[in-house]
$ cat target-v1.pdb   # PDB, C-alpha atoms
ATOM      1  CA  MET A   1      10.292  30.093  61.665  1.00  0.00           C
ATOM      2  CA  GLY A   2       6.628  29.148  61.508  1.00  0.00           C
ATOM      3  CA  ASP A   3       6.796  25.364  61.906  1.00  0.00           C
ATOM      4  CA  TYR A   4       5.733  25.571  65.551  1.00  0.00           C
ATOM      5  CA  LEU A   5       2.476  27.314  64.609  1.00  0.00           C
ATOM      6  CA  CYS A   6       1.324  24.325  62.578  1.00  0.00           C
ATOM      7  CA  ALA A   7       2.492  21.812  65.189  1.00  0.00           C
ATOM      8  CA  ASP A   8       0.579  23.677  67.897  1.00  0.00           C
ATOM      9  CA  ALA A   9      -2.583  23.903  65.781  1.00  0.00           C
ATOM     10  CA  ILE A  10      -2.511  20.181  65.002  1.00  0.00           C
ATOM     11  CA  ALA A  11      -1.821  19.247  68.635  1.00  0.00           C
ATOM     12  CA  ARG A  12      -4.885  21.255  69.676  1.00  0.00           C
ATOM     13  CA  ARG A  13      -7.016  19.461  67.112  1.00  0.00           C
ATOM     14  CA  VAL A  14      -5.746  16.096  68.352  1.00  0.00           C
ATOM     15  CA  ALA A  15      -6.613  17.038  71.936  1.00  0.00           C
ATOM     16  CA  GLN A  16     -10.123  18.046  70.899  1.00  0.00           C
ATOM     17  CA  ALA A  17     -10.591  14.794  68.980  1.00  0.00           C
ATOM     18  CA  ALA A  18      -9.340  12.735  71.932  1.00  0.00           C
ATOM     19  CA  ARG A  19     -11.649  14.577  74.319  1.00  0.00           C
ATOM     20  CA  ALA A  20     -14.545  13.825  71.988  1.00  0.00           C
ATOM     21  CA  ARG A  21     -13.714  10.147  72.576  1.00  0.00           C
ATOM     22  CA  GLY A  22     -13.894  10.619  76.327  1.00  0.00           C
ATOM     23  CA  ILE A  23     -10.190  11.017  77.101  1.00  0.00           C
ATOM     24  CA  GLY A  24      -9.215  14.171  78.974  1.00  0.00           C
ATOM     25  CA  THR A  25      -6.420  15.691  76.900  1.00  0.00           C
ATOM     26  CA  TYR A  26      -4.622  19.009  77.233  1.00  0.00           C
ATOM     27  CA  VAL A  27      -2.014  20.933  75.256  1.00  0.00           C
ATOM     28  CA  ALA A  28       0.962  22.534  76.983  1.00  0.00           C
ATOM     29  CA  PRO A  29       2.104  25.937  75.682  1.00  0.00           C
ATOM     30  CA  VAL A  30       4.106  25.495  72.515  1.00  0.00           C
ATOM     31  CA  LEU A  31       7.875  25.980  72.465  1.00  0.00           C
ATOM     32  CA  PRO A  32       8.295  28.564  69.660  1.00  0.00           C
ATOM     33  CA  TYR A  33      11.997  27.912  69.046  1.00  0.00           C
ATOM     34  CA  GLY A  34      13.564  24.809  67.558  1.00  0.00           C
ATOM     35  CA  GLY A  35      16.956  23.156  67.606  1.00  0.00           C
ATOM     36  CA  ALA A  36      19.717  24.657  65.503  1.00  0.00           C
ATOM     37  CA  ASP A  37      20.673  22.611  62.472  1.00  0.00           C
ATOM     38  CA  TYR A  38      20.859  23.985  58.920  1.00  0.00           C
ATOM     39  CA  PHE A  39      19.139  27.364  59.192  1.00  0.00           C
ATOM     40  CA  GLY A  40      21.606  29.650  60.962  1.00  0.00           C
ATOM     41  CA  SER A  41      22.154  31.541  57.705  1.00  0.00           C
ATOM     42  CA  VAL A  42      18.518  32.721  57.592  1.00  0.00           C
ATOM     43  CA  VAL A  43      18.312  36.407  58.530  1.00  0.00           C
ATOM     44  CA  GLY A  44      16.063  36.846  61.573  1.00  0.00           C
ATOM     45  CA  GLY A  45      15.899  33.150  62.345  1.00  0.00           C
ATOM     46  CA  ILE A  46      16.210  32.244  66.035  1.00  0.00           C
ATOM     47  CA  ALA A  47      17.174  28.743  67.125  1.00  0.00           C
ATOM     48  CA  LEU A  48      18.400  26.994  70.254  1.00  0.00           C
ATOM     49  CA  GLU A  49      21.689  25.141  70.353  1.00  0.00           C
ATOM     50  CA  GLN A  50      21.104  21.417  70.756  1.00  0.00           C
ATOM     51  CA  ALA A  51      22.444  21.407  74.327  1.00  0.00           C
ATOM     52  CA  THR A  52      20.135  24.301  75.199  1.00  0.00           C
ATOM     53  CA  LEU A  53      17.149  22.569  73.630  1.00  0.00           C
ATOM     54  CA  ARG A  54      17.843  19.392  75.590  1.00  0.00           C
ATOM     55  CA  ALA A  55      18.001  21.415  78.808  1.00  0.00           C
ATOM     56  CA  VAL A  56      14.760  23.266  78.028  1.00  0.00           C
ATOM     57  CA  LEU A  57      12.900  20.060  77.131  1.00  0.00           C
ATOM     58  CA  THR A  58      14.178  18.361  80.274  1.00  0.00           C
ATOM     59  CA  ASP A  59      12.985  21.259  82.434  1.00  0.00           C
ATOM     60  CA  MET A  60       9.576  21.424  80.731  1.00  0.00           C
ATOM     61  CA  MET A  61       8.883  17.714  81.024  1.00  0.00           C
ATOM     62  CA  SER A  62      10.277  17.494  84.553  1.00  0.00           C
ATOM     63  CA  CYS A  63       7.776  20.126  85.670  1.00  0.00           C
ATOM     64  CA  LEU A  64       4.946  17.943  84.381  1.00  0.00           C
ATOM     65  CA  LEU A  65       6.389  14.738  85.815  1.00  0.00           C
ATOM     66  CA  ARG A  66       6.743  16.350  89.240  1.00  0.00           C
ATOM     67  CA  HIS A  67       2.947  16.497  89.404  1.00  0.00           C
ATOM     68  CA  ASP A  68       2.480  12.952  88.066  1.00  0.00           C
ATOM     69  CA  LEU A  69       1.496  14.185  84.612  1.00  0.00           C
ATOM     70  CA  THR A  70       3.211  11.271  82.922  1.00  0.00           C
ATOM     71  CA  ARG A  71       1.083  10.697  79.824  1.00  0.00           C
ATOM     72  CA  ILE A  72       2.863  13.057  77.480  1.00  0.00           C
ATOM     73  CA  ILE A  73       3.120  13.083  73.683  1.00  0.00           C
ATOM     74  CA  VAL A  74       5.474  15.441  71.862  1.00  0.00           C
ATOM     75  CA  PHE A  75       4.216  16.888  68.569  1.00  0.00           C
ATOM     76  CA  ASN A  76       7.321  17.952  66.686  1.00  0.00           C
ATOM     77  CA  GLY A  77       7.283  20.317  63.723  1.00  0.00           C
ATOM     78  CA  HIS A  78      11.027  20.670  63.088  1.00  0.00           C
ATOM     79  CA  GLY A  79      13.568  18.061  62.074  1.00  0.00           C
ATOM     80  CA  GLY A  80      16.262  19.802  64.090  1.00  0.00           C
ATOM     81  CA  ASN A  81      14.402  18.880  67.273  1.00  0.00           C
ATOM     82  CA  ALA A  82      14.293  15.141  66.658  1.00  0.00           C
ATOM     83  CA  GLN A  83      17.594  14.060  68.198  1.00  0.00           C
ATOM     84  CA  ALA A  84      17.166  16.289  71.254  1.00  0.00           C
ATOM     85  CA  VAL A  85      13.649  14.964  71.841  1.00  0.00           C
ATOM     86  CA  HIS A  86      14.931  11.391  71.599  1.00  0.00           C
ATOM     87  CA  ASP A  87      17.841  12.068  73.944  1.00  0.00           C
ATOM     88  CA  VAL A  88      15.623  13.703  76.563  1.00  0.00           C
ATOM     89  CA  THR A  89      12.780  11.184  76.429  1.00  0.00           C
ATOM     90  CA  LEU A  90      15.205   8.258  76.616  1.00  0.00           C
ATOM     91  CA  SER A  91      16.911   9.828  79.634  1.00  0.00           C
ATOM     92  CA  LEU A  92      13.557  10.404  81.333  1.00  0.00           C
ATOM     93  CA  ARG A  93      12.575   6.802  80.668  1.00  0.00           C
ATOM     94  CA  HIS A  94      15.775   5.593  82.319  1.00  0.00           C
ATOM     95  CA  ARG A  95      15.341   7.925  85.293  1.00  0.00           C
ATOM     96  CA  HIS A  96      11.579   7.838  85.833  1.00  0.00           C
ATOM     97  CA  GLY A  97      10.233   4.875  83.867  1.00  0.00           C
ATOM     98  CA  VAL A  98       7.976   7.079  81.722  1.00  0.00           C
ATOM     99  CA  VAL A  99       7.486   6.535  77.989  1.00  0.00           C
ATOM    100  CA  ILE A 100       7.019   9.775  76.033  1.00  0.00           C
ATOM    101  CA  PRO A 101       6.343   9.214  72.308  1.00  0.00           C
ATOM    102  CA  CYS A 102       7.131  11.838  69.689  1.00  0.00           C
ATOM    103  CA  VAL A 103       5.008  12.471  66.598  1.00  0.00           C
ATOM    104  CA  TYR A 104       7.235  14.069  63.948  1.00  0.00           C
ATOM    105  CA  LEU A 105       4.461  15.535  61.856  1.00  0.00           C
ATOM    106  CA  TRP A 106       6.217  16.168  58.576  1.00  0.00           C
ATOM    107  CA  SER A 107       7.778  12.739  58.098  1.00  0.00           C
ATOM    108  CA  ILE A 108       4.349  11.217  58.713  1.00  0.00           C
ATOM    109  CA  ALA A 109       2.608  13.702  56.421  1.00  0.00           C
ATOM    110  CA  SER A 110       5.183  13.093  53.689  1.00  0.00           C
ATOM    111  CA  ALA A 111       4.244   9.416  53.663  1.00  0.00           C
ATOM    112  CA  MET A 112       0.576  10.388  53.277  1.00  0.00           C
ATOM    113  CA  LEU A 113       1.171  12.838  50.451  1.00  0.00           C
ATOM    114  CA  ALA A 114       0.839  10.629  47.365  1.00  0.00           C
ATOM    115  CA  ASP A 115      -2.431   9.154  48.578  1.00  0.00           C
ATOM    116  CA  VAL A 116      -3.828  12.555  49.533  1.00  0.00           C
ATOM    117  CA  MET A 117      -2.895  14.168  46.220  1.00  0.00           C
ATOM    118  CA  GLY A 118      -3.905  11.132  44.163  1.00  0.00           C
ATOM    119  CA  ASP A 119      -0.872  11.645  41.937  1.00  0.00           C
ATOM    120  CA  ALA A 120       2.427  10.095  42.987  1.00  0.00           C
ATOM    121  CA  ASP A 121       4.445  12.124  40.486  1.00  0.00           C
ATOM    122  CA  ALA A 122       2.934  15.449  41.576  1.00  0.00           C
ATOM    123  CA  ALA A 123       3.465  14.475  45.202  1.00  0.00           C
ATOM    124  CA  ARG A 124       7.121  13.700  44.525  1.00  0.00           C
ATOM    125  CA  ARG A 125       7.686  16.962  42.658  1.00  0.00           C
ATOM    126  CA  SER A 126       5.936  19.028  45.325  1.00  0.00           C
ATOM    127  CA  ALA A 127       7.772  17.494  48.282  1.00  0.00           C
ATOM    128  CA  GLY A 128      10.779  18.953  50.032  1.00  0.00           C
ATOM    129  CA  HIS A 129      11.876  22.036  51.885  1.00  0.00           C
ATOM    130  CA  GLY A 130       9.754  25.009  50.896  1.00  0.00           C
ATOM    131  CA  GLY A 131       7.104  22.690  49.463  1.00  0.00           C
ATOM    132  CA  ASN A 132       4.925  19.845  50.692  1.00  0.00           C
ATOM    133  CA  PRO A 133       3.803  18.840  53.171  1.00  0.00           C
ATOM    134  CA  LEU A 134       4.370  21.925  55.325  1.00  0.00           C
ATOM    135  CA  SER A 135       3.478  24.582  52.752  1.00  0.00           C
ATOM    136  CA  SER A 136       0.075  23.027  52.049  1.00  0.00           C
ATOM    137  CA  VAL A 137      -0.587  22.576  55.774  1.00  0.00           C
ATOM    138  CA  ALA A 138       0.288  26.227  56.419  1.00  0.00           C
ATOM    139  CA  MET A 139      -2.013  27.317  53.584  1.00  0.00           C
ATOM    140  CA  ALA A 140      -4.859  25.388  55.209  1.00  0.00           C
ATOM    141  CA  LEU A 141      -4.253  26.485  58.800  1.00  0.00           C
ATOM    142  CA  PHE A 142      -2.950  30.027  58.343  1.00  0.00           C
ATOM    143  CA  PRO A 143      -4.010  31.340  54.933  1.00  0.00           C
ATOM    144  CA  GLU A 144      -3.590  34.916  56.133  1.00  0.00           C
ATOM    145  CA  LEU A 145       0.139  34.308  56.651  1.00  0.00           C
ATOM    146  CA  VAL A 146       0.814  32.825  53.207  1.00  0.00           C
ATOM    147  CA  ARG A 147       1.547  34.724  49.982  1.00  0.00           C
ATOM    148  CA  PRO A 148       0.935  32.150  47.225  1.00  0.00           C
ATOM    149  CA  ASP A 149       1.759  34.777  44.603  1.00  0.00           C
ATOM    150  CA  LEU A 150       5.373  34.790  45.798  1.00  0.00           C
ATOM    151  CA  ARG A 151       5.937  31.050  45.394  1.00  0.00           C
ATOM    152  CA  PRO A 152       9.065  30.483  43.290  1.00  0.00           C
ATOM    153  CA  ALA A 153       9.788  27.690  40.865  1.00  0.00           C
ATOM    154  CA  PRO A 154      11.962  24.820  42.116  1.00  0.00           C
ATOM    155  CA  ALA A 155      15.551  25.846  42.738  1.00  0.00           C
ATOM    156  CA  CYS A 156      18.256  24.904  40.295  1.00  0.00           C
ATOM    157  CA  ALA A 157      20.392  22.039  41.515  1.00  0.00           C
ATOM    158  CA  HIS A 158      23.132  23.295  43.824  1.00  0.00           C
ATOM    159  CA  GLU A 159      26.703  22.063  43.909  1.00  0.00           C
ATOM    160  CA  PHE A 160      29.276  22.022  46.695  1.00  0.00           C
ATOM    161  CA  MET A 161      32.950  21.394  45.985  1.00  0.00           C
ATOM    162  CA  GLY A 162      32.022  20.177  42.521  1.00  0.00           C
ATOM    163  CA  LEU A 163      29.435  17.694  43.806  1.00  0.00           C
ATOM    164  CA  PRO A 164      25.633  17.856  43.404  1.00  0.00           C
ATOM    165  CA  VAL A 165      23.848  18.609  46.668  1.00  0.00           C
ATOM    166  CA  ASN A 166      21.232  15.889  47.260  1.00  0.00           C
ATOM    167  CA  GLY A 167      20.070  16.540  50.816  1.00  0.00           C
ATOM    168  CA  PHE A 168      20.114  18.969  53.718  1.00  0.00           C
ATOM    169  CA  ALA A 169      23.768  18.296  54.477  1.00  0.00           C
ATOM    170  CA  THR A 170      24.808  15.805  51.825  1.00  0.00           C
ATOM    171  CA  ALA A 171      26.303  15.833  48.363  1.00  0.00           C
ATOM    172  CA  GLN A 172      26.577  12.928  45.970  1.00  0.00           C
ATOM    173  CA  PHE A 173      29.918  11.352  45.119  1.00  0.00           C
ATOM    174  CA  GLU A 174      30.076   8.281  42.882  1.00  0.00           C
ATOM    175  CA  GLY A 175      26.529   7.328  43.860  1.00  0.00           C
ATOM    176  CA  ALA A 176      27.117   7.773  47.588  1.00  0.00           C
ATOM    177  CA  SER A 177      25.725  10.524  49.828  1.00  0.00           C
ATOM    178  CA  ILE A 178      28.572  12.248  51.678  1.00  0.00           C
ATOM    179  CA  ASN A 179      27.839  14.467  54.672  1.00  0.00           C
ATOM    180  CA  PHE A 180      29.144  18.036  54.610  1.00  0.00           C
ATOM    181  CA  PRO A 181      28.663  20.920  57.094  1.00  0.00           C
ATOM    182  CA  LEU A 182      26.166  22.819  54.927  1.00  0.00           C
ATOM    183  CA  GLU A 183      23.493  25.409  55.703  1.00  0.00           C
ATOM    184  CA  ILE A 184      20.252  26.217  53.922  1.00  0.00           C
ATOM    185  CA  ASP A 185      21.632  29.042  51.748  1.00  0.00           C
ATOM    186  CA  GLU A 186      24.010  26.509  50.173  1.00  0.00           C
ATOM    187  CA  ILE A 187      21.206  24.004  49.621  1.00  0.00           C
ATOM    188  CA  ALA A 188      18.183  26.028  48.546  1.00  0.00           C
ATOM    189  CA  THR A 189      17.176  29.307  46.910  1.00  0.00           C
ATOM    190  CA  ARG A 190      14.801  31.471  48.970  1.00  0.00           C
ATOM    191  CA  GLY A 191      14.211  28.482  51.234  1.00  0.00           C
ATOM    192  CA  VAL A 192      13.065  26.236  48.389  1.00  0.00           C
ATOM    193  CA  ALA A 193      15.154  23.207  47.480  1.00  0.00           C
ATOM    194  CA  GLN A 194      14.024  20.766  44.776  1.00  0.00           C
ATOM    195  CA  ALA A 195      10.356  21.067  45.775  1.00  0.00           C
ATOM    196  CA  ASP A 196       7.852  22.832  43.535  1.00  0.00           C
ATOM    197  CA  PRO A 197       5.734  24.947  45.927  1.00  0.00           C
ATOM    198  CA  ARG A 198       3.399  25.886  43.076  1.00  0.00           C
ATOM    199  CA  LEU A 199       1.870  22.402  43.481  1.00  0.00           C
ATOM    200  CA  CYS A 200       0.938  23.077  47.119  1.00  0.00           C
ATOM    201  CA  ASP A 201      -2.593  24.109  48.053  1.00  0.00           C
ATOM    202  CA  ALA A 202      -4.931  24.453  51.012  1.00  0.00           C
ATOM    203  CA  THR A 203      -7.059  21.484  49.948  1.00  0.00           C
ATOM    204  CA  THR A 204      -4.074  19.156  50.218  1.00  0.00           C
ATOM    205  CA  GLY A 205      -3.123  20.795  53.488  1.00  0.00           C
ATOM    206  CA  GLN A 206      -6.553  20.333  55.027  1.00  0.00           C
ATOM    207  CA  ALA A 207      -6.616  16.673  54.040  1.00  0.00           C
ATOM    208  CA  LEU A 208      -3.226  16.200  55.698  1.00  0.00           C
ATOM    209  CA  VAL A 209      -4.356  18.034  58.833  1.00  0.00           C
ATOM    210  CA  ASP A 210      -7.449  15.839  59.041  1.00  0.00           C
ATOM    211  CA  ARG A 211      -5.405  12.650  58.681  1.00  0.00           C
ATOM    212  CA  LEU A 212      -2.803  13.784  61.205  1.00  0.00           C
ATOM    213  CA  THR A 213      -5.553  14.699  63.654  1.00  0.00           C
ATOM    214  CA  THR A 214      -7.191  11.293  63.325  1.00  0.00           C
ATOM    215  CA  LEU A 215      -3.839   9.537  63.633  1.00  0.00           C
ATOM    216  CA  GLY A 216      -2.969  11.506  66.753  1.00  0.00           C
ATOM    217  CA  ALA A 217      -6.294  10.798  68.427  1.00  0.00           C
ATOM    218  CA  ASP A 218      -6.037   7.109  67.492  1.00  0.00           C
ATOM    219  CA  LEU A 219      -2.571   7.044  69.071  1.00  0.00           C
ATOM    220  CA  VAL A 220      -3.916   8.501  72.318  1.00  0.00           C
ATOM    221  CA  VAL A 221      -6.669   5.869  72.426  1.00  0.00           C
ATOM    222  CA  HIS A 222      -4.191   3.068  71.714  1.00  0.00           C
ATOM    223  CA  LEU A 223      -1.730   4.192  74.366  1.00  0.00           C
ATOM    224  CA  MET A 224      -4.464   4.431  76.984  1.00  0.00           C
ATOM    225  CA  LYS A 225      -5.381   0.804  76.279  1.00  0.00           C
ATOM    226  CA  GLU A 226      -1.749  -0.184  76.889  1.00  0.00           C
ATOM    227  CA  ASN A 227      -1.689   1.084  80.498  1.00  0.00           C
ATOM    228  CA  TRP A 228       0.522   3.933  79.386  1.00  0.00           C
TER     229      TRP A 228
END
$ encode --input "target-v1.pdb" --output "structure tokens"
Amino acid sequence: MGDYLCADAIARRVAQAARARGIGTYVAPVLPYGGADYFGSVVGGIALEQATLRAVLTDMMSCLLRHDLTRIIVFNGHGGNAQAVHDVTLSLRHRHGVVIPCVYLWSIASAMLADVMGDADAARRSAGHGGNPLSSVAMALFPELVRPDLRPAPACAHEFMGLPVNGFATAQFEGASINFPLEIDEIATRGVAQADPRLCDATTGQALVDRLTTLGADLVVHLMKENW
């Protein structure tokens, strides 16, 4: 999966922006595998079990903490990492007293999307797995890896056990979202759920990258003022 490429590229831009403000900032080598959640059915996809991911994150951060490198920010590019990151950083806070924030890039970028696109309806229709914000960001950062000519139309609505699928692992029943053990091939077609990737473009992606970079650098400055 390519999510880590974008997370790494944005983290590097944040570090450069923070250094430009006089704060020495460095980027650790990116972890190119994420936590297993809904994507085990993707041929060629490689993921870490949640217990494995927690162990890897603990080892990585413990190596930094051993040398008093305590001012750490995690830039996360995959939803399947979120719980493991929280579990590990909370444990490290209890054990060592360190506070390690996590910037989940795509939830933040999703909230920026309508303003960036200037069209709330287009933003809504473009958003989701296989669409915005990640597709536009990838088009901006790695245009050589993207084939816009292969973008499909939004997938037809999927059903599971006679119920409309309305989320990564949920289906709707009498107005309520019920969790089911689903994977991506039961939710989306060719990786695209209800999003319309044809509305994604590099201009939107670059605007999101710029905003995420500024936000990240602002966060570094703020944390330094708080005796982080």
$ resolve_selection --input "target-v1.pdb" --expression "the PyMOL selection byres ((chain A and resi 202) around 9)" --output "ChimeraX atom specification"
/A:135-141,143,200-201,203-207
$ residues_around --input "target-v1.pdb" --residues "A:His86" --least-positions-apart "5" --cutoff "9 Å" --atoms "all atoms listed in the file" --output "list in words"
Asn81, Ser91, Pro101 and Cys102 of chain A
$ closest_residue --input "target-v1.pdb" --among "A:Ala9, A:Glu159, A:Val192, A:Val43" --to "A:Gly77" --atoms "only C-alpha atoms"
A:Ala9
$ resolve_selection --input "target-v1.pdb" --expression "the PyMOL selection byres ((chain A and resi 111) around 12)" --output "list in words"
Tyr104, Leu105, Trp106, Ser107, Ile108, Ala109, Ser110, Met112, Leu113, Ala114, Asp115, Val116, Met117, Ala120, Ala123, Arg124, Ala127, Asn132, Pro133, Leu208, Arg211 and Leu212 of chain A
$ resolve_selection --input "target-v1.pdb" --expression "the PyMOL selection byres ((chain A and resi 82) around 12)" --output "number ranges by chain"
A: 34-37, 50, 53-54, 57, 74-81, 83-89, 101-107
$ residues_around --input "target-v1.pdb" --residues "A:Leu150" --least-positions-apart "4" --cutoff "10 Å" --atoms "only C-alpha atoms" --output "list in words"
Val146, Pro197 and Arg198 of chain A
$ atom_distance --input "target-v1.pdb" --atom1 "atom CA of A:Asn179" --atom2 "atom CA of A:Leu90"
26.1 Å
$ atom_distance --input "target-v1.pdb" --atom1 "atom CA of A:Leu65" --atom2 "atom CA of A:Cys6"
25.6 Å
$ atom_distance --input "target-v1.pdb" --atom1 "atom CA of A:Asp119" --atom2 "atom CA of A:Gly131"
15.6 Å
$ closest_residue --input "target-v1.pdb" --among "A:Ile73, A:Glu183, A:Val14, A:Asp8" --to "A:Leu215" --atoms "only C-alpha atoms"
A:Val14
$ closest_residue --input "target-v1.pdb" --among "A:Glu49, A:Asp59, A:Asp218, A:Glu186" --to "A:Arg19" --atoms "all atoms listed in the file"
A:Asp218
$ build_atoms --input "target-v1.pdb" --residues "stretch 136-164 of chain A" --atoms "N, CA and C atoms" --output "compact mmCIF listing (two decimals), in the frame of the given file"
# COMPACT_ATOMS: atom_id res chain seq x y z
N SER A 136 1.52 23.25 52.19
CA SER A 136 0.08 23.03 52.05
C SER A 136 -0.62 23.10 53.40
N VAL A 137 0.01 22.53 54.43
CA VAL A 137 -0.59 22.58 55.77
C VAL A 137 -0.70 24.02 56.24
N ALA A 138 0.34 24.82 56.03
CA ALA A 138 0.29 26.23 56.42
C ALA A 138 -0.80 26.98 55.65
N MET A 139 -0.97 26.66 54.38
CA MET A 139 -2.01 27.32 53.58
C MET A 139 -3.40 26.99 54.11
N ALA A 140 -3.56 25.78 54.65
CA ALA A 140 -4.86 25.39 55.21
C ALA A 140 -5.10 26.02 56.57
N LEU A 141 -4.08 26.03 57.42
CA LEU A 141 -4.25 26.48 58.80
C LEU A 141 -4.12 27.99 58.96
N PHE A 142 -3.23 28.60 58.18
CA PHE A 142 -2.95 30.03 58.34
C PHE A 142 -2.90 30.73 56.99
N PRO A 143 -4.02 30.74 56.27
CA PRO A 143 -4.01 31.34 54.93
C PRO A 143 -3.63 32.81 54.94
N GLU A 144 -3.90 33.49 56.06
CA GLU A 144 -3.59 34.92 56.13
C GLU A 144 -2.09 35.18 56.23
N LEU A 145 -1.31 34.15 56.52
CA LEU A 145 0.14 34.31 56.65
C LEU A 145 0.89 33.87 55.40
N VAL A 146 0.18 33.39 54.40
CA VAL A 146 0.81 32.83 53.21
C VAL A 146 0.59 33.74 52.01
N ARG A 147 1.64 33.96 51.22
CA ARG A 147 1.55 34.72 49.98
C ARG A 147 1.80 33.78 48.81
N PRO A 148 0.74 33.09 48.34
CA PRO A 148 0.94 32.15 47.22
C PRO A 148 1.51 32.80 45.97
N ASP A 149 1.27 34.10 45.80
CA ASP A 149 1.76 34.78 44.60
C ASP A 149 3.28 34.91 44.58
N LEU A 150 3.92 34.68 45.72
CA LEU A 150 5.37 34.79 45.80
C LEU A 150 6.08 33.44 45.70
N ARG A 151 5.31 32.37 45.47
CA ARG A 151 5.94 31.05 45.39
C ARG A 151 6.87 30.97 44.19
N PRO A 152 8.14 30.61 44.41
CA PRO A 152 9.06 30.48 43.29
C PRO A 152 8.99 29.11 42.63
N ALA A 153 9.62 29.00 41.50
CA ALA A 153 9.79 27.69 40.86
C ALA A 153 10.83 26.90 41.66
N PRO A 154 10.93 25.60 41.42
CA PRO A 154 11.96 24.82 42.12
C PRO A 154 13.35 25.41 41.86
N ALA A 155 14.20 25.32 42.87
CA ALA A 155 15.55 25.85 42.74
C ALA A 155 16.36 25.01 41.75
N CYS A 156 17.31 25.65 41.12
CA CYS A 156 18.26 24.90 40.30
C CYS A 156 19.11 24.04 41.22
N ALA A 157 19.57 22.94 40.71
CA ALA A 157 20.39 22.04 41.52
C ALA A 157 21.66 22.76 41.97
N HIS A 158 21.94 22.67 43.26
CA HIS A 158 23.13 23.30 43.82
C HIS A 158 24.29 22.31 43.81
N GLU A 159 25.50 22.87 43.80
CA GLU A 159 26.70 22.06 43.91
C GLU A 159 27.56 22.57 45.06
N PHE A 160 28.32 21.66 45.65
CA PHE A 160 29.28 22.02 46.70
C PHE A 160 30.56 21.25 46.43
N MET A 161 31.65 22.00 46.28
CA MET A 161 32.95 21.39 45.98
C MET A 161 32.87 20.47 44.77
N GLY A 162 32.12 20.92 43.76
CA GLY A 162 32.02 20.18 42.52
C GLY A 162 31.11 18.98 42.56
N LEU A 163 30.34 18.84 43.65
CA LEU A 163 29.44 17.69 43.81
C LEU A 163 28.00 18.18 43.90
N PRO A 164 27.04 17.45 43.31
CA PRO A 164 25.63 17.86 43.40
C PRO A 164 25.09 17.66 44.82
